[in-house]
Amino acid sequence: MNPYPAMQATVRDLYARAAALEGGQFTLALFGAFSAGKSSFANALLGEAVLPVSPHPTTAAINRIMAPASQERHATADVHMKSVDALRDDLQYSFRLLGLGEPEETGWQNAVHELSPEGIHPAGRPHYSFLKAAAAGWEEAEHLLGQQLHVNLEQYRDFVASERKSCFVEHIDLYYDCALTRQGIVLVDTPGADSVNARHTGVTFNYMKHADALVFITYYNHAFTQGDRQFLNQLGRVKEALALEQTFFIVNASIWLHPKKNCNP
């Protein structure tokens, strides 16, 4: 028992960290804005093109990549779909933010189909995209809500890269055997800090709060945007001690100059 009530939260964190280290796991969490190249960086760490990479936003749910245990198979994944209540909360939040009132239990898709991008404030564009994707994928995803799906690598990539599928996903555990994961490292690829799913700060920040190391990734031509700064401020408030030795900053991508095209005449 902890004789000092004021220290209970710290003691719980220490016990959780001790249990994780005893099990031989080290959690490395990647975070940053959409299009910062988190998935490309994750692939570089894994040594293979495991996660789908696209110039468009892809990762819309938390992805944990880890070594397969005895009961799991290499290159398979458990896809945890959102519950009905969680999806309803997401729809209500986006409807309200876009000034659409409350979504109806049935027929909310019709209201979404009538939406057009004209007049949507930049802050509302992720919500516009989310609603459009949800309406497009509703018929296929409705009966899957609340379930855990075991899929192969190709199906996993589709759940990550297809917005009409990823918007219904809560989180994904990918089991992948490679040099990195064999060391007990669990790689956590989080949603873009500027995504609609980033409002689930309780889930996203909980991973970061208990991570052994944090890697913040920003892209060289739009480094440390206002969204980046807001996200870092939020993280600093949630993670009471954002230890400098645990946090790393990566400026992603580099410019290659062709020697002949960039020389003086």
# chains A, B, ... in the order shown; residues from 1 in each chain; ligands from 1
>>> select_by_dssp(residues="region 137-218 of chain A", states="strand (DSSP E or B)", output="list in words")
Gln148, Leu149, His150, Val151, Asn152, Val169, Glu170, His171, Ile172, Asp173, Leu174, Tyr175, Ile185, Val186, Leu187, Val188, Asp189, Ala213, Leu214, Val215, Phe216, Ile217 and Thr218 of chain A
>>> write_last_selection(atoms="N, CA and C atoms", output="compact mmCIF listing (two decimals), in the first residue's frame")
# COMPACT_ATOMS: atom_id res chain seq x y z
N GLN A 148 -13.55 -7.03 -32.96
CA GLN A 148 -12.10 -7.12 -33.17
C GLN A 148 -11.88 -8.05 -34.36
N LEU A 149 -11.23 -7.54 -35.40
CA LEU A 149 -11.02 -8.29 -36.63
C LEU A 149 -9.56 -8.71 -36.72
N HIS A 150 -9.33 -9.98 -37.06
CA HIS A 150 -7.96 -10.46 -37.28
C HIS A 150 -7.73 -10.51 -38.78
N VAL A 151 -6.76 -9.74 -39.27
CA VAL A 151 -6.57 -9.57 -40.72
C VAL A 151 -5.12 -9.84 -41.11
N ASN A 152 -4.90 -10.03 -42.41
CA ASN A 152 -3.54 -10.19 -42.91
C ASN A 152 -2.94 -8.82 -43.21
N VAL A 169 -12.06 2.86 -37.19
CA VAL A 169 -11.11 2.07 -36.41
C VAL A 169 -10.71 2.82 -35.14
N GLU A 170 -10.70 2.12 -34.02
CA GLU A 170 -10.25 2.69 -32.74
C GLU A 170 -8.73 2.57 -32.63
N HIS A 171 -8.20 1.35 -32.74
CA HIS A 171 -6.75 1.16 -32.76
C HIS A 171 -6.44 -0.19 -33.39
N ILE A 172 -5.16 -0.35 -33.79
CA ILE A 172 -4.73 -1.57 -34.47
C ILE A 172 -3.44 -2.07 -33.83
N ASP A 173 -3.38 -3.38 -33.61
CA ASP A 173 -2.15 -4.03 -33.15
C ASP A 173 -1.61 -4.87 -34.31
N LEU A 174 -0.44 -4.49 -34.83
CA LEU A 174 0.19 -5.21 -35.93
C LEU A 174 1.33 -6.05 -35.36
N TYR A 175 1.33 -7.33 -35.70
CA TYR A 175 2.37 -8.24 -35.24
C TYR A 175 3.36 -8.46 -36.37
N ILE A 185 10.92 -3.87 -28.64
CA ILE A 185 10.46 -2.51 -28.89
C ILE A 185 9.06 -2.53 -29.49
N VAL A 186 8.15 -1.79 -28.90
CA VAL A 186 6.79 -1.61 -29.42
C VAL A 186 6.74 -0.22 -30.03
N LEU A 187 6.52 -0.17 -31.33
CA LEU A 187 6.47 1.10 -32.06
C LEU A 187 5.02 1.57 -32.14
N VAL A 188 4.74 2.77 -31.66
CA VAL A 188 3.38 3.30 -31.66
C VAL A 188 3.31 4.47 -32.64
N ASP A 189 2.54 4.28 -33.70
CA ASP A 189 2.34 5.33 -34.71
C ASP A 189 0.98 5.97 -34.44
N ALA A 213 10.01 6.36 -24.72
CA ALA A 213 10.65 7.42 -25.51
C ALA A 213 9.63 8.00 -26.47
N LEU A 214 9.73 9.30 -26.72
CA LEU A 214 8.84 10.01 -27.63
C LEU A 214 9.66 10.59 -28.78
N VAL A 215 9.14 10.44 -30.00
CA VAL A 215 9.80 11.03 -31.16
C VAL A 215 8.79 11.95 -31.85
N PHE A 216 9.07 13.24 -31.81
CA PHE A 216 8.22 14.21 -32.49
C PHE A 216 8.79 14.45 -33.88
N ILE A 217 7.96 14.23 -34.91
CA ILE A 217 8.41 14.34 -36.29
C ILE A 217 7.73 15.53 -36.96
N THR A 218 8.52 16.37 -37.59
CA THR A 218 7.98 17.50 -38.33
C THR A 218 8.65 17.54 -39.70
>>> atom_distance(atom1="CA of Leu153 (chain A)", atom2="CA of Val50 (chain A)")
8.3 Å
>>> closest_residue(among="A:Gly99, A:Gln155, A:Phe168, A:Ala161", to="Glu139 (chain A)", atoms="only C-alpha atoms")
A:Phe168
>>> atom_distance(atom1="CA of Ala69 (chain A)", atom2="CA of Leu180 (chain A)")
14.6 Å
>>> select_by_dssp(residues="region 123-174 of chain A", states="helix (DSSP H, G or I)", output="ChimeraX atom specification")
/A:123-144,153-161,163-166
>>> residues_around(residues="Pro117 (chain A)", least_positions_apart="6", cutoff="12 Å", atoms="only C-alpha atoms", output="NGL selection string")
:A and (98 or 124-129 or 131-132)
>>> atom_distance(atom1="CA of Ala123 (chain A)", atom2="CA of Leu97 (chain A)")
9.2 Å
